[in-house]
$ cat run_5.cif   # mmCIF, C-alpha atoms
data_my_file
#
loop_
_atom_site.label_atom_id
_atom_site.label_comp_id
_atom_site.auth_asym_id
_atom_site.auth_seq_id
_atom_site.Cartn_x
_atom_site.Cartn_y
_atom_site.Cartn_z
CA MET A 1 73.83 117.85 98.75
CA TYR A 2 75.96 114.86 99.73
CA THR A 3 79.11 115.14 101.82
CA LEU A 4 82.32 113.18 101.31
CA GLY A 5 84.72 113.08 104.26
CA ILE A 6 88.27 112.00 103.44
CA ASP A 7 90.90 111.07 106.04
CA VAL A 8 94.08 111.69 104.04
CA HIS A 9 97.39 109.97 104.76
CA LYS A 10 100.66 109.65 102.88
CA HIS A 11 100.04 106.11 101.66
CA THR A 12 96.29 105.50 102.06
CA SER A 13 93.11 107.57 102.35
CA THR A 14 89.69 106.64 103.69
CA ALA A 15 86.60 108.18 102.08
CA VAL A 16 83.10 108.17 103.61
CA LEU A 17 80.02 109.52 101.79
CA ILE A 18 76.96 110.57 103.82
CA ASP A 19 73.58 112.10 102.97
CA ASP A 20 71.68 114.95 104.65
CA ALA A 21 70.53 112.59 107.41
CA HIS A 22 74.17 111.66 108.21
CA GLU A 23 73.55 108.14 106.91
CA SER A 24 76.56 106.44 105.36
CA LEU A 25 76.12 105.66 101.66
CA PHE A 26 79.63 104.65 100.67
CA GLU A 27 82.95 103.92 102.37
CA GLN A 28 86.28 102.86 100.93
CA THR A 29 90.00 102.91 101.78
CA ILE A 30 92.28 103.44 98.81
CA ARG A 31 95.90 104.24 98.02
CA SER A 32 96.76 107.93 98.00
CA HIS A 33 97.42 107.76 94.26
CA PRO A 34 95.73 109.58 91.34
CA LYS A 35 94.70 106.30 89.67
CA ASP A 36 92.91 105.12 92.80
CA PHE A 37 91.14 108.44 93.29
CA ASN A 38 89.98 108.43 89.67
CA ARG A 39 88.61 104.95 90.23
CA LEU A 40 86.91 106.14 93.41
CA LEU A 41 85.13 108.89 91.47
CA LYS A 42 83.67 106.31 89.10
CA GLU A 43 82.45 104.09 91.95
CA LEU A 44 80.62 106.80 93.89
CA PRO A 45 76.84 106.15 93.94
CA VAL A 46 75.99 109.82 93.21
CA PRO A 47 77.32 112.35 90.66
CA PRO A 48 80.45 114.26 91.79
CA VAL A 49 78.77 117.62 91.14
CA THR A 50 76.31 116.88 93.99
CA ILE A 51 79.10 116.27 96.52
CA GLN A 52 80.89 118.60 98.91
CA VAL A 53 84.22 117.34 100.27
CA ALA A 54 85.74 117.79 103.73
CA LEU A 55 89.40 116.95 104.38
CA GLU A 56 92.39 118.08 106.39
CA PRO A 57 95.47 119.67 104.72
CA VAL A 58 97.93 116.85 105.34
CA GLY A 59 100.22 114.79 103.12
CA PRO A 60 99.17 114.77 99.45
CA TRP A 61 96.11 116.96 99.99
CA ARG A 62 96.94 119.58 97.33
CA TRP A 63 96.84 117.29 94.32
CA ILE A 64 93.85 115.43 95.78
CA THR A 65 91.81 118.64 96.08
CA THR A 66 92.82 119.67 92.56
CA LEU A 67 91.70 116.30 91.15
CA LEU A 68 88.37 116.44 93.01
CA GLU A 69 87.74 120.05 91.99
CA GLU A 70 88.23 119.10 88.35
CA SER A 71 85.48 116.48 88.75
CA GLY A 72 83.03 119.18 89.87
CA MET A 73 83.12 118.64 93.63
CA GLU A 74 82.99 121.52 96.13
CA ILE A 75 86.10 121.44 98.34
CA HIS A 76 86.27 122.47 102.00
CA ILE A 77 89.62 122.31 103.82
CA ALA A 78 89.63 121.93 107.61
CA ASN A 79 91.64 124.12 109.93
CA PRO A 80 93.69 121.48 111.84
CA ARG A 81 94.05 123.72 114.91
CA LYS A 82 90.29 123.93 115.32
CA VAL A 83 89.15 120.39 114.47
CA ARG A 84 89.83 119.13 117.99
CA LEU A 85 86.97 116.63 118.06
CA ILE A 86 89.03 114.34 115.84
CA ALA A 87 92.26 114.53 117.84
CA GLU A 88 90.45 114.06 121.16
CA SER A 89 88.19 111.21 120.03
CA LYS A 90 88.24 108.07 122.20
CA GLN A 91 87.54 105.93 119.13
CA LYS A 92 90.03 107.31 116.62
CA THR A 93 90.14 105.36 113.36
CA ASP A 94 90.50 106.46 109.75
CA SER A 95 86.84 105.66 109.13
CA ASN A 96 85.66 107.58 112.20
CA ASP A 97 87.87 110.54 111.30
CA ALA A 98 86.38 110.68 107.78
CA HIS A 99 82.86 110.38 109.27
CA MET A 100 83.56 113.22 111.70
CA LEU A 101 84.85 115.54 108.95
CA ALA A 102 81.78 114.85 106.82
CA ARG A 103 79.35 115.36 109.72
CA LEU A 104 81.00 118.62 110.80
CA LEU A 105 80.68 120.01 107.28
CA GLN A 106 77.12 118.74 106.92
CA SER A 107 76.12 120.32 110.23
CA GLY A 108 77.69 123.70 109.52
CA TYR A 109 80.35 123.42 112.25
CA PHE A 110 83.30 122.92 109.93
CA PRO A 111 86.22 125.34 110.62
CA GLU A 112 87.78 126.03 107.24
CA ALA A 113 91.31 126.92 106.21
CA ARG A 114 92.47 128.68 103.06
CA LYS A 115 94.04 126.97 100.08
CA VAL A 116 96.53 129.36 98.49
CA PRO A 117 96.94 129.38 94.69
CA ASP A 118 99.64 127.22 93.14
CA ASP A 119 101.86 130.21 92.30
CA VAL A 120 101.86 131.33 95.95
CA TYR A 121 102.50 127.74 97.05
CA GLN A 122 105.51 127.49 94.72
CA LEU A 123 106.84 130.78 96.13
CA ARG A 124 106.48 129.34 99.63
CA LEU A 125 108.44 126.27 98.61
CA LEU A 126 111.26 128.41 97.21
CA LEU A 127 111.58 130.52 100.36
CA ARG A 128 111.12 127.70 102.86
CA GLU A 129 113.75 125.55 101.15
CA ARG A 130 116.10 128.52 101.10
CA GLN A 131 115.53 128.96 104.82
CA HIS A 132 116.24 125.26 105.35
CA VAL A 133 119.62 125.53 103.58
CA VAL A 134 120.49 128.72 105.49
CA ARG A 135 119.75 126.99 108.78
CA MET A 136 121.93 124.06 107.74
CA ARG A 137 124.78 126.48 107.10
CA VAL A 138 124.34 128.19 110.49
CA SER A 139 124.20 124.80 112.21
CA THR A 140 127.40 123.70 110.47
CA ILE A 141 129.21 126.89 111.51
CA ASN A 142 128.08 126.38 115.10
CA ARG A 143 129.34 122.78 115.07
CA MET A 144 132.68 123.96 113.73
CA HIS A 145 132.97 126.52 116.53
CA GLY A 146 132.05 123.87 119.09
CA ILE A 147 134.63 121.37 117.85
CA ALA A 148 137.35 124.03 117.72
CA THR A 149 136.51 125.09 121.28
CA THR A 150 136.42 121.61 122.81
CA GLN A 151 139.75 120.69 121.20
CA GLY A 152 141.47 123.84 122.43
CA LEU A 153 141.92 125.17 118.90
CA TYR A 154 139.67 128.20 119.12
CA LYS A 155 141.80 131.39 119.30
CA ILE A 156 144.83 129.23 120.10
CA ALA A 157 145.91 127.42 116.96
CA TYR A 158 143.49 128.70 114.33
CA GLY A 159 141.84 131.78 115.75
CA ASN A 160 138.17 132.14 114.83
CA PRO A 161 137.60 129.11 112.53
CA ASN A 162 135.07 131.00 110.44
CA THR A 163 137.37 133.85 109.42
CA LYS A 164 139.68 133.81 106.41
CA VAL A 165 142.74 133.40 108.64
CA GLY A 166 141.09 130.65 110.67
CA LYS A 167 139.92 128.84 107.56
CA ALA A 168 143.39 129.03 105.98
CA SER A 169 144.91 127.57 109.15
CA ILE A 170 142.39 124.73 109.18
CA MET A 171 142.81 123.86 105.52
CA GLU A 172 146.63 123.83 105.89
CA GLY A 173 146.46 121.68 109.02
CA ASN A 174 145.59 118.03 109.59
CA ASN A 175 142.19 118.29 111.30
CA SER A 176 140.06 116.50 108.70
CA VAL A 177 136.79 117.05 110.58
CA LEU A 178 137.06 120.83 110.52
CA GLN A 179 138.24 120.70 106.92
CA GLU A 180 135.15 118.74 105.88
CA LEU A 181 132.91 121.18 107.71
CA HIS A 182 134.48 124.07 105.80
CA ILE A 183 133.95 122.23 102.52
CA LEU A 184 130.32 121.66 103.49
CA ILE A 185 129.87 125.36 104.28
CA GLU A 186 131.27 126.25 100.84
CA GLU A 187 128.77 123.90 99.17
CA LEU A 188 125.89 125.35 101.17
CA ASP A 189 127.03 128.87 100.22
CA LYS A 190 126.73 127.86 96.56
CA ARG A 191 123.23 126.51 97.09
CA ILE A 192 122.15 129.69 98.90
CA VAL A 193 123.41 131.76 95.96
CA VAL A 194 121.20 129.69 93.64
CA PHE A 195 118.16 130.37 95.82
CA ASP A 196 119.03 134.06 96.12
CA ASN A 197 119.31 134.39 92.35
CA ALA A 198 115.93 132.71 91.93
CA CYS A 199 114.41 135.12 94.48
CA ALA A 200 115.99 138.12 92.72
CA GLU A 201 114.43 137.06 89.42
CA THR A 202 111.07 136.29 91.02
CA VAL A 203 110.73 139.67 92.73
CA LYS A 204 111.02 141.40 89.34
CA THR A 205 107.74 139.80 88.30
CA LEU A 206 105.81 140.69 91.47
CA PRO A 207 104.75 144.37 91.74
CA THR A 208 103.35 143.78 95.23
CA ALA A 209 106.73 142.59 96.49
CA GLN A 210 108.38 145.65 94.94
CA LEU A 211 105.81 147.80 96.72
CA LEU A 212 106.69 146.25 100.08
CA MET A 213 110.37 146.86 99.42
CA THR A 214 109.78 150.62 99.66
CA ILE A 215 109.55 150.14 103.45
CA PRO A 216 112.90 150.76 105.19
CA SER A 217 114.69 147.50 106.10
CA VAL A 218 112.48 145.38 103.81
CA GLY A 219 114.59 143.57 101.22
CA VAL A 220 113.95 140.91 98.59
CA ILE A 221 113.73 137.94 100.96
CA THR A 222 111.52 139.71 103.50
CA ALA A 223 109.13 141.03 100.85
CA LEU A 224 108.79 137.65 99.17
CA THR A 225 108.35 135.90 102.52
CA VAL A 226 105.51 138.20 103.54
CA LEU A 227 103.85 137.83 100.15
CA ALA A 228 104.20 134.04 100.14
CA GLU A 229 102.95 133.51 103.70
CA VAL A 230 100.08 136.03 103.57
CA GLY A 231 98.91 135.23 100.05
CA ASN A 232 96.11 137.58 99.01
CA PHE A 233 96.01 140.64 101.28
CA SER A 234 92.42 141.35 100.24
CA ASP A 235 91.34 138.17 102.05
CA PHE A 236 91.63 140.23 105.23
CA SER A 237 89.05 142.98 105.68
CA HIS A 238 91.09 144.76 108.35
CA PRO A 239 94.78 144.85 109.35
CA LYS A 240 93.85 143.56 112.81
CA LYS A 241 92.63 140.34 111.21
CA LEU A 242 95.91 139.98 109.35
CA ALA A 243 97.84 140.53 112.60
CA ALA A 244 95.74 137.80 114.24
CA PHE A 245 96.39 135.51 111.27
CA ALA A 246 100.14 136.05 111.76
CA GLY A 247 99.92 135.20 115.46
CA LEU A 248 101.15 138.65 116.52
CA VAL A 249 98.26 139.44 118.86
CA PRO A 250 98.15 138.53 122.57
CA LYS A 251 96.22 135.58 123.89
CA GLN A 252 93.15 136.60 125.87
CA ARG A 253 91.20 134.81 128.58
CA SER A 254 88.45 137.06 129.81
CA SER A 255 85.31 136.53 131.86
CA GLY A 256 82.93 139.24 132.99
CA LYS A 257 84.89 142.33 133.93
CA VAL A 258 88.15 140.43 134.26
CA VAL A 259 90.42 140.74 131.19
CA ARG A 260 93.63 138.76 131.03
CA ASN A 261 96.12 139.12 128.16
CA GLY A 262 99.01 136.74 127.70
CA SER A 263 101.83 136.16 125.26
CA ILE A 264 101.23 136.40 121.52
CA THR A 265 99.26 133.48 120.11
CA HIS A 266 102.03 132.20 117.79
CA GLN A 267 99.35 130.93 115.41
CA GLY A 268 99.89 131.02 111.69
CA SER A 269 103.25 130.94 109.95
CA PRO A 270 106.39 131.00 112.14
CA MET A 271 108.35 132.05 109.06
CA LEU A 272 106.16 135.14 108.64
CA ARG A 273 106.57 136.19 112.28
CA THR A 274 110.33 135.64 112.15
CA ALA A 275 110.69 137.74 108.99
CA LEU A 276 108.66 140.59 110.51
CA VAL A 277 110.52 140.59 113.84
CA GLU A 278 113.90 140.50 112.08
CA CYS A 279 112.71 143.37 109.89
CA ALA A 280 111.72 145.32 113.02
CA MET A 281 115.16 144.71 114.52
CA ARG A 282 116.77 146.33 111.46
CA ILE A 283 114.84 149.59 111.95
CA HIS A 284 117.22 152.38 113.06
CA GLN A 285 116.93 156.05 113.97
CA LYS A 286 118.59 157.31 110.78
CA GLY A 287 116.82 155.02 108.31
CA ALA A 288 113.25 155.29 109.63
CA PRO A 289 112.93 157.72 112.57
CA GLU A 290 109.14 157.60 112.42
CA LEU A 291 109.19 153.82 113.05
CA TYR A 292 112.08 153.91 115.50
CA SER A 293 110.23 156.50 117.60
CA PHE A 294 107.38 154.00 118.02
CA VAL A 295 109.79 151.60 119.74
CA ALA A 296 111.33 154.44 121.74
CA ARG A 297 107.92 155.49 123.10
CA LEU A 298 107.18 151.95 124.24
CA LYS A 299 110.54 151.75 126.01
CA GLU A 300 109.83 155.03 127.79
CA ASN A 301 106.60 153.49 129.06
CA GLY A 302 108.48 150.61 130.62
CA ILE A 303 108.13 148.09 127.78
CA GLY A 304 111.19 145.91 127.22
CA ALA A 305 113.18 146.28 124.01
CA LYS A 306 112.32 142.82 122.70
CA LYS A 307 108.61 143.21 123.35
CA ALA A 308 108.71 146.62 121.69
CA ARG A 309 110.24 145.03 118.58
CA VAL A 310 107.43 142.47 118.45
CA ALA A 311 104.94 145.32 118.67
CA LEU A 312 106.75 147.07 115.81
CA ALA A 313 106.65 143.86 113.77
CA ARG A 314 102.87 143.83 114.13
CA LYS A 315 102.67 147.51 113.18
CA LEU A 316 104.80 146.86 110.09
CA LEU A 317 102.42 144.10 109.00
CA CYS A 318 99.45 146.45 109.39
CA ILE A 319 101.28 149.09 107.36
CA MET A 320 101.97 146.51 104.66
CA TRP A 321 98.26 145.68 104.52
CA SER A 322 97.40 149.36 103.98
CA MET A 323 100.05 149.76 101.29
CA VAL A 324 98.93 146.72 99.30
CA ILE A 325 95.19 147.40 99.59
CA ASN A 326 95.67 151.04 98.53
CA ASN A 327 98.48 150.26 96.05
CA GLN A 328 100.56 152.92 97.77
CA GLU A 329 104.31 153.10 98.34
CA TYR A 330 105.64 153.63 101.84
CA HIS A 331 105.46 157.20 103.07
CA PRO A 332 105.69 158.10 106.78
CA GLN A 333 102.83 160.61 106.86
CA SER A 334 100.38 158.71 104.67
CA VAL A 335 100.98 155.22 106.07
CA LEU A 336 101.59 155.58 109.78
CA PRO A 337 98.05 156.69 110.73
CA VAL A 338 96.85 153.15 110.00
CA SER A 339 95.67 151.76 113.34
CA VAL A 340 97.13 148.61 114.83
CA CYS A 341 95.54 146.18 117.21
CA ASN A 342 94.42 147.74 120.49
CA THR A 343 96.13 145.37 122.88
CA THR A 344 98.32 145.68 125.92
CA MET A 345 101.91 145.94 124.65
CA SER A 346 103.38 144.85 127.99
CA ASN A 347 101.78 141.44 127.53
CA LEU A 348 103.44 140.75 124.20
CA ASP A 349 105.77 137.77 124.16
CA THR A 350 109.20 138.24 122.59
CA ARG A 351 109.33 134.82 120.94
CA THR A 352 109.01 134.73 117.16
CA GLY A 353 107.74 131.19 116.79
CA THR A 354 110.95 129.59 115.61
#

$ encode --input "run_5.cif" --output "structure tokens"
Amino acid sequence: MYTLGIDVHKHTSTAVLIDDAHESLFEQTIRSHPKDFNRLLKELPVPPVTIQVALEPVGPWRWITTLLEESGMEIHIANPRKVRLIAESKQKTDSNDAHMLARLLQSGYFPEARKVPDDVYQLRLLLRERQHVVRMRVSTINRMHGIATTQGLYKIAYGNPNTKVGKASIMEGNNSVLQELHILIEELDKRIVVFDNACAETVKTLPTAQLLMTIPSVGVITALTVLAEVGNFSDFSHPKKLAAFAGLVPKQRSSGKVVRNGSITHQGSPMLRTALVECAMRIHQKGAPELYSFVARLKENGIGAKKARVALARKLLCIMWSMVINNQEYHPQSVLPVSVCNTTMSNLDTRTGT
């Protein structure tokens, strides 16, 4: 088996082919363009079906891996967090990076990452772009509040600039800056509605998302976010592994009999952690007493409210894993016995990764 290491960049990519003895057989730098990669396939000295490929998930990697897979190559995607030999190299060049990827794969020390299917990737794009527009709207509102405050207009001339009365006062006045910000907010509202409508239509076609929505406080956006960021729940053999994937488990530095737990790892998707923590914050006594009591017990044991919510977010993710694997709707008695990670709750960090 031959190994092809590819150092992928936005405009160019460097490919290095080695044999079992780590000897270089072929090296070339090409444009990151389908025509150039098709030409590269024809110029390789060995058949594509005898080649395994190692690359990092950066830039145009998705279409590159698809093209190479269609040629018969075996694709391996590096986990960027764990390929530290490349980032810490004293001789860092595109050629050396490609060599290192190929040698790591050839030697069996290649930390791999998952490539989600195209339909999951498209769902991620939909939700992440919606989040981007929502954040733009929040940022614009905050700027409007800041300008109104610094100019002495807040609660003096206009009142709250984001209310109907405040908006009417601004639009009837002569402050063009605040008027333009209101117009921008209206345009962003329209764009958010478009994304929300697309999400509402998408959730109708996804039974797993509808299953997750049976959990109290889980709506369309939360269910789709979890589904998009997790991908296939069956990839995780235990809910603890899914919690670790989401970065909701504490860091640990232990040696001998000394065990030290720190803040949560924050690895994985920040968007997934944020959605879960926000979901946990919406849990109330009346809507889901069995979940709210979990937070209450932690508070009684001296755990802060924010840390308790992070712990609940992790528990919710573990419950979701059980529901999806067993194809079971949420039910307090049948779902809650699922175990969560055995970690020290007091060491959980309250940050959500955003």

$ axis_aligned_box --input "run_5.cif" --around "segment 60-63 of chain A" --padding-each-side "8 Å" --output "lines of an AutoDock Vina configuration file"
center_x = 97.6
center_y = 117.2
center_z = 97.2
size_x = 19.1
size_y = 20.8
size_z = 21.7

$ residues_around --input "run_5.cif" --residues "Gly59 of chain A" --least-positions-apart "2" --cutoff "10 Å" --atoms "all atoms listed in the file" --output "list in words"
Val8, His9, Lys10, His11, Ser32, Glu56, Pro57, Trp61, Arg62, Trp63 and Ile64 of chain A

$ residues_near_point --input "run_5.cif" --point "(93.2, 105.2, 101.6)" --cutoff "10 Å" --atoms "all atoms listed in the file" --output "VMD selection string"
chain A and resid 6 to 15 28 to 33 36 to 37 94 to 95

$ resolve_selection --input "run_5.cif" --expression "the PyMOL selection byres ((chain A and resi 112) around 8)" --output "number ranges by chain"
A: 76-79, 110-111, 113-114

$ closest_residue --input "run_5.cif" --among "A:Gln267, A:Thr3, A:Ser254, A:Gln328" --to "Ala98 of chain A" --atoms "all atoms listed in the file"
A:Thr3

$ build_atoms --input "run_5.cif" --residues "segment 31-46 of chain A" --atoms "N, CA and C atoms" --output "mmCIF file, keeping the file's coordinate frame"
data_model
loop_
_atom_site.group_PDB
_atom_site.id
_atom_site.type_symbol
_atom_site.label_atom_id
_atom_site.label_comp_id
_atom_site.auth_asym_id
_atom_site.auth_seq_id
_atom_site.Cartn_x
_atom_site.Cartn_y
_atom_site.Cartn_z
ATOM 1 N N ARG A 31 94.556 103.657 98.021
ATOM 2 C CA ARG A 31 95.900 104.240 98.020
ATOM 3 C C ARG A 31 95.807 105.731 97.726
ATOM 4 N N SER A 32 96.711 106.497 98.300
ATOM 5 C CA SER A 32 96.760 107.930 98.000
ATOM 6 C C SER A 32 97.521 108.103 96.683
ATOM 7 N N HIS A 33 96.835 107.748 95.599
ATOM 8 C CA HIS A 33 97.420 107.760 94.260
ATOM 9 C C HIS A 33 96.358 108.252 93.280
ATOM 10 N N PRO A 34 96.722 109.055 92.286
ATOM 11 C CA PRO A 34 95.730 109.580 91.340
ATOM 12 C C PRO A 34 94.879 108.501 90.676
ATOM 13 N N LYS A 35 95.472 107.357 90.313
ATOM 14 C CA LYS A 35 94.700 106.300 89.670
ATOM 15 C C LYS A 35 93.592 105.789 90.583
ATOM 16 N N ASP A 36 93.905 105.626 91.854
ATOM 17 C CA ASP A 36 92.910 105.120 92.800
ATOM 18 C C ASP A 36 91.820 106.147 93.058
ATOM 19 N N PHE A 37 92.164 107.420 93.085
ATOM 20 C CA PHE A 37 91.140 108.440 93.290
ATOM 21 C C PHE A 37 90.243 108.570 92.061
ATOM 22 N N ASN A 38 90.816 108.417 90.882
ATOM 23 C CA ASN A 38 89.980 108.430 89.670
ATOM 24 C C ASN A 38 89.021 107.244 89.661
ATOM 25 N N ARG A 39 89.488 106.107 90.124
ATOM 26 C CA ARG A 39 88.610 104.950 90.230
ATOM 27 C C ARG A 39 87.517 105.182 91.271
ATOM 28 N N LEU A 40 87.890 105.828 92.368
ATOM 29 C CA LEU A 40 86.910 106.140 93.410
ATOM 30 C C LEU A 40 85.791 107.014 92.865
ATOM 31 N N LEU A 41 86.139 107.995 92.043
ATOM 32 C CA LEU A 41 85.130 108.890 91.470
ATOM 33 C C LEU A 41 84.114 108.125 90.635
ATOM 34 N N LYS A 42 84.573 107.098 89.941
ATOM 35 C CA LYS A 42 83.670 106.310 89.100
ATOM 36 C C LYS A 42 82.764 105.404 89.926
ATOM 37 N N GLU A 43 83.212 105.024 91.129
ATOM 38 C CA GLU A 43 82.450 104.090 91.950
ATOM 39 C C GLU A 43 81.480 104.772 92.900
ATOM 40 N N LEU A 44 81.534 106.097 93.014
ATOM 41 C CA LEU A 44 80.620 106.800 93.890
ATOM 42 C C LEU A 44 79.171 106.616 93.424
ATOM 43 N N PRO A 45 78.221 106.410 94.333
ATOM 44 C CA PRO A 45 76.840 106.150 93.940
ATOM 45 C C PRO A 45 76.068 107.385 93.482
ATOM 46 N N VAL A 46 76.652 108.585 93.633
ATOM 47 C CA VAL A 46 75.990 109.820 93.210
ATOM 48 C C VAL A 46 76.950 110.633 92.353
#
